[in-house]
Amino acid sequence: MKPIWIVDDDQSIRFVLEKALLRENLPTRSFTNPQDVLTALADTPEHEGPQILVSDIRMPGGSGLDLLEKVKEKLPGLPVIIMTAFSDLDSAVSAFQGGAFEYLPKPFDLPKAVELIRRAVEESQREEVAEERMSAAPEMLGQAPAMQDVFRAIGRLSQSQVTVLITGESGSGKELVARALHKHSPRAAGPFVAINTAAIPKDLLESELFGHERGAFTGAQTMRRGRFEQADGGTLFLDEIGDMPFDLQTRLLRVLSDGHFYRVGGHSAVKAQVRVIAATHQNLEQRVKEGVFREDLFHRLNVIRLRLPALRERREDIPMLTRFFLQQSAKQLGVEPKRISEAALRLLGTFDFPGNVRQLENVCHWLTVMAPAQVIELKDLPPEVLAVSHVAAAPASPADPLPVAPAAPVLAEAAPPAFAPAAVPALAPLLPDEPAMPAAALVALAPLGVSPAWESGLQAEALALLEEGRTDVWDVLTRRFETRLIQTALVNTRGRRIEAAQKLGIGRNTITRKIQELNLE
């Protein structure tokens, strides 16, 4: 296993981390300043380089943030953990913006530090395996059995120019399959032209498909070649063919029969050598029965049919596709690619994805923008995934009692707490008409889940506000709920915000933002 590189000018910190990691069978290599690290990176082959980099943020001869930036240029996938003081929150935010895996606040609890480093190692190893698989099969659309059938069909059709009908739900990747059919066909050197027949108004669709002569209609200043002519010698992909207007279906049938057509306003037949691939999410047999799709055109298109499975039929492909889309989104936005935890991947695997692969791609783009840390956790997934995925909630554990004395710091003196409950006899009320609640009462509150009384109270309060005709019920009750929750957590942790965020299961940036929004400073 590759070593964990530790960078800190404090010898005691390096010593303690080295010994703790060696007890966990994690090899280490230590440095006193950033310049030595950069020199070592230049002299060390990548396969012998660091598995993880743990760096202090303030050191003589260089900054941990500058080191982070330079290391990411050379090893963009290397997880970097930044060590910082409690009071250095701005630097921690800068570390995340620079692509840090996580930051470790000083003074730190040694077991928690080792746990964080081990988690970074596991994430790094998982990503290495995933990247190897992706690089080994860059053109693969999926590895599920249902997709293997599609790949085999593409292979069998590779030397054919027969018309193909691709069916499947919206967002399942029908155009990708059409492009693959073109790429592996004798027409690969010719153009691939795609048109969505449902996205173009009926009055313009005929001109789009077949072109028009100059003066054919108002605004036709010049002759225009249609998609059939543009695709001459190649492939024309007609997406959502089931929505094509009935009268145009007749013209399309004639083109498929002999390859000849007329431009709008034209009098001379035009011939184009085009292979047609059509796709639809609709049941064309049913459309034929309803009289809105020509039966003879259906049989002309339905020479070879490929059914593309929905994403919920190939759930084993979700991890690979998720990592691929996270890489793509990061590249588009110019940011560091985010990793995703196994727990979050498992939950994504239970979601039905009505929008299929396109929806998964959108989710990955959302996560790239919205997830607060470099590793996407379960709680970071979008609301629609969390809402409909059936995950059993673990029972709430009773609130931890306040310690008699604060735990002794491992390596340095603890920074003064940002919130001192002993100096505040009662927490400020959330609303003017709401009485303040003593700190002791908050500590003694029963956990949410032990008794349904709080839910009944919430229901009664919501009903009262609704009957008053209020239109801000959601904001009022959410604000009160979040305030009580954060205040209780801060009392329980003696004002230590990072620990409070961890116990609540939210991010450090989230609790800081909420404290500011709710005026709880």
# chains A, B, ... in the order shown; residues from 1 in each chain; ligands from 1

call {"tool": "residues_around", "arguments": {"residues": "A:Thr28", "least_positions_apart": "6", "cutoff": "8 Å", "atoms": "only C-alpha atoms", "output": "PyMOL selection string"}}
result
chain A and resi 3-6+18+21-22

call {"tool": "residues_around", "arguments": {"residues": "stretch 364-375 of chain A", "least_positions_apart": "3", "cutoff": "8 Å", "atoms": "only C-alpha atoms", "output": "list in words"}}
result
Phe96, Gly99, Ala100, Phe101, Glu102, Thr322, Phe325, Leu326, Ser329, Ala330, Pro337, Lys338, Arg339, Ile340, Ser341, Leu360, Glu361, Asp380, Leu381, Pro382, Gly507 and Asn509 of chain A

call {"tool": "atom_distance", "arguments": {"atom1": "atom CA of A:Lys183", "atom2": "atom CA of A:Val164"}}
result
14.2 Å

call {"tool": "atom_distance", "arguments": {"atom1": "atom CA of A:Asn33", "atom2": "atom CA of A:Ser12"}}
result
14.7 Å

call {"tool": "closest_residue", "arguments": {"among": "A:Thr32, A:Val363, A:Val71, A:Leu205", "to": "A:Pro383", "atoms": "only C-alpha atoms"}}
result
A:Val363

call {"tool": "residues_around", "arguments": {"residues": "A:Leu504", "least_positions_apart": "3", "cutoff": "10 Å", "atoms": "only C-alpha atoms", "output": "ChimeraX atom specification"}}
result
/A:485-486,489,498-501,507,511

call {"tool": "atom_distance", "arguments": {"atom1": "atom CA of A:Leu458", "atom2": "atom CA of A:Phe481"}}
result
9.5 Å

call {"tool": "closest_residue", "arguments": {"among": "A:Leu65, A:Phe108, A:Phe298, A:Ile277", "to": "A:Val16", "atoms": "only C-alpha atoms"}}
result
A:Phe108

call {"tool": "closest_atom_pairs", "arguments": {"of": "stretch 234-254 of chain A", "to": "stretch 188-193 of chain A", "cutoff": "7 Å", "atoms": "only C-alpha atoms", "output": "Markdown table"}}
result
| residue | atom | partner | partner_atom | distance |
| --- | --- | --- | --- | --- |
| A:Gly234 | CA | A:Gly190 | CA | 4.2 |
| A:Thr235 | CA | A:Phe192 | CA | 4.9 |
| A:Leu236 | CA | A:Val193 | CA | 4.9 |
| A:Phe237 | CA | A:Val193 | CA | 6.1 |

call {"tool": "write_last_selection", "arguments": {"atoms": "N, CA and C atoms", "output": "PDB file, in the first residue's frame"}}
result
ATOM      1  N   GLY A 234     -24.946   8.729 -45.179  1.00  0.00           N
ATOM      2  CA  GLY A 234     -24.794   8.416 -43.760  1.00  0.00           C
ATOM      3  C   GLY A 234     -26.079   7.908 -43.144  1.00  0.00           C
ATOM      4  N   THR A 235     -26.358   8.374 -41.928  1.00  0.00           N
ATOM      5  CA  THR A 235     -27.503   7.877 -41.149  1.00  0.00           C
ATOM      6  C   THR A 235     -28.374   9.047 -40.711  1.00  0.00           C
ATOM      7  N   LEU A 236     -29.684   8.890 -40.841  1.00  0.00           N
ATOM      8  CA  LEU A 236     -30.649   9.867 -40.330  1.00  0.00           C
ATOM      9  C   LEU A 236     -31.368   9.248 -39.143  1.00  0.00           C
ATOM     10  N   PHE A 237     -31.287   9.913 -37.996  1.00  0.00           N
ATOM     11  CA  PHE A 237     -31.935   9.425 -36.780  1.00  0.00           C
ATOM     12  C   PHE A 237     -33.200  10.236 -36.540  1.00  0.00           C
TER      13      PHE A 237
END

call {"tool": "closest_residue", "arguments": {"among": "A:Leu116, A:Leu204, A:Glu336, A:Pro111", "to": "A:Lys19", "atoms": "only C-alpha atoms"}}
result
A:Pro111

call {"tool": "select_by_dssp", "arguments": {"residues": "stretch 11-83 of chain A", "states": "strand (DSSP E or B)", "output": "list in words"}}
result
Thr28, Arg29, Ser30, Phe31, Ile52, Leu53, Val54, Ser55, Asp56, Arg58, Met59, Gly62, Ser63, Val80, Ile81, Ile82 and Met83 of chain A

call {"tool": "write_last_selection", "arguments": {"atoms": "C-alpha atoms", "output": "JSON list (two decimals), in the first residue's frame"}}
result
[["chain", "number", "residue", "atom", "x", "y", "z"],
["A", 28, "THR", "CA", 3.59, 7.03, 6.59],
["A", 29, "ARG", "CA", 6.13, 9.53, 5.30],
["A", 30, "SER", "CA", 6.60, 12.89, 7.01],
["A", 31, "PHE", "CA", 7.68, 16.36, 5.86],
["A", 52, "ILE", "CA", -3.37, 10.39, 1.15],
["A", 53, "LEU", "CA", -1.82, 13.79, 1.92],
["A", 54, "VAL", "CA", -2.42, 15.27, 5.40],
["A", 55, "SER", "CA", -1.15, 18.84, 5.62],
["A", 56, "ASP", "CA", -1.15, 21.67, 8.15],
["A", 58, "ARG", "CA", 0.05, 27.36, 8.29],
["A", 59, "MET", "CA", 3.74, 26.46, 8.09],
["A", 62, "GLY", "CA", 4.59, 27.88, 2.58],
["A", 63, "SER", "CA", 0.81, 27.54, 3.00],
["A", 80, "VAL", "CA", -5.95, 15.87, 0.71],
["A", 81, "ILE", "CA", -6.87, 16.44, 4.38],
["A", 82, "ILE", "CA", -6.12, 19.95, 5.69],
["A", 83, "MET", "CA", -5.40, 20.44, 9.40]]

call {"tool": "residues_around", "arguments": {"residues": "A:Ser207", "least_positions_apart": "3", "cutoff": "9 Å", "atoms": "only C-alpha atoms", "output": "list in words"}}
result
Asp203, Leu204, Phe210, Gly211, His212, Arg224, Arg225, Gly226, Arg227, Arg263 and Val264 of chain A

call {"tool": "closest_residue", "arguments": {"among": "A:Gln459, A:Thr163, A:Gln143, A:Thr197", "to": "A:Leu311", "atoms": "only C-alpha atoms"}}
result
A:Gln143

call {"tool": "residues_around", "arguments": {"residues": "stretch 343-349 of chain A", "least_positions_apart": "3", "cutoff": "6 Å", "atoms": "only C-alpha atoms", "output": "ChimeraX atom specification"}}
result
/A:315,377-378

call {"tool": "closest_residue", "arguments": {"among": "A:Thr218, A:Leu41, A:Ala20, A:Val150", "to": "A:Ala113", "atoms": "only C-alpha atoms"}}
result
A:Ala20

call {"tool": "residues_around", "arguments": {"residues": "A:Leu465", "least_positions_apart": "5", "cutoff": "10 Å", "atoms": "only C-alpha atoms", "output": "number ranges by chain"}}
result
A: 460, 470-474, 476-477

call {"tool": "write_last_selection", "arguments": {"atoms": "C-alpha atoms", "output": "tab-separated table (two decimals), in the first residue's frame"}}
result
chain	number	residue	atom	x	y	z
A	460	ALA	CA	-51.83	21.52	16.35
A	470	ARG	CA	-51.26	32.61	7.31
A	471	THR	CA	-49.30	32.02	4.09
A	472	ASP	CA	-45.89	31.64	5.71
A	473	VAL	CA	-46.59	28.55	7.82
A	474	TRP	CA	-43.76	26.54	6.32
A	476	VAL	CA	-42.36	29.99	10.48
A	477	LEU	CA	-42.41	26.39	11.70

call {"tool": "select_by_dssp", "arguments": {"residues": "stretch 202-247 of chain A", "states": "alpha helix (DSSP H)", "output": "list of chain:residue names"}}
result
A:Lys202, A:Asp203, A:Leu204, A:Leu205, A:Glu206, A:Ser207, A:Glu208, A:Leu209, A:Phe210, A:Arg227, A:Phe228, A:Glu229, A:Gln230, A:Phe246, A:Asp247

call {"tool": "residues_around", "arguments": {"residues": "stretch 265-271 of chain A", "least_positions_apart": "5", "cutoff": "6 Å", "atoms": "only C-alpha atoms", "output": "PyMOL selection string"}}
result
chain A and resi 213+216+259-260

call {"tool": "write_last_selection", "arguments": {"atoms": "C-alpha atoms", "output": "PDB file, in the first residue's frame"}}
result
ATOM      1  CA  GLU A 213     -36.927  25.760 -52.747  1.00  0.00           C
ATOM      2  CA  ALA A 216     -41.667  28.141 -51.533  1.00  0.00           C
ATOM      3  CA  GLY A 259     -35.243   6.996 -51.640  1.00  0.00           C
ATOM      4  CA  HIS A 260     -36.838   9.804 -53.691  1.00  0.00           C
TER       5      HIS A 260
END

call {"tool": "closest_residue", "arguments": {"among": "A:Ser185, A:Gln230, A:Thr167, A:Gln327", "to": "A:His281", "atoms": "only C-alpha atoms"}}
result
A:Thr167
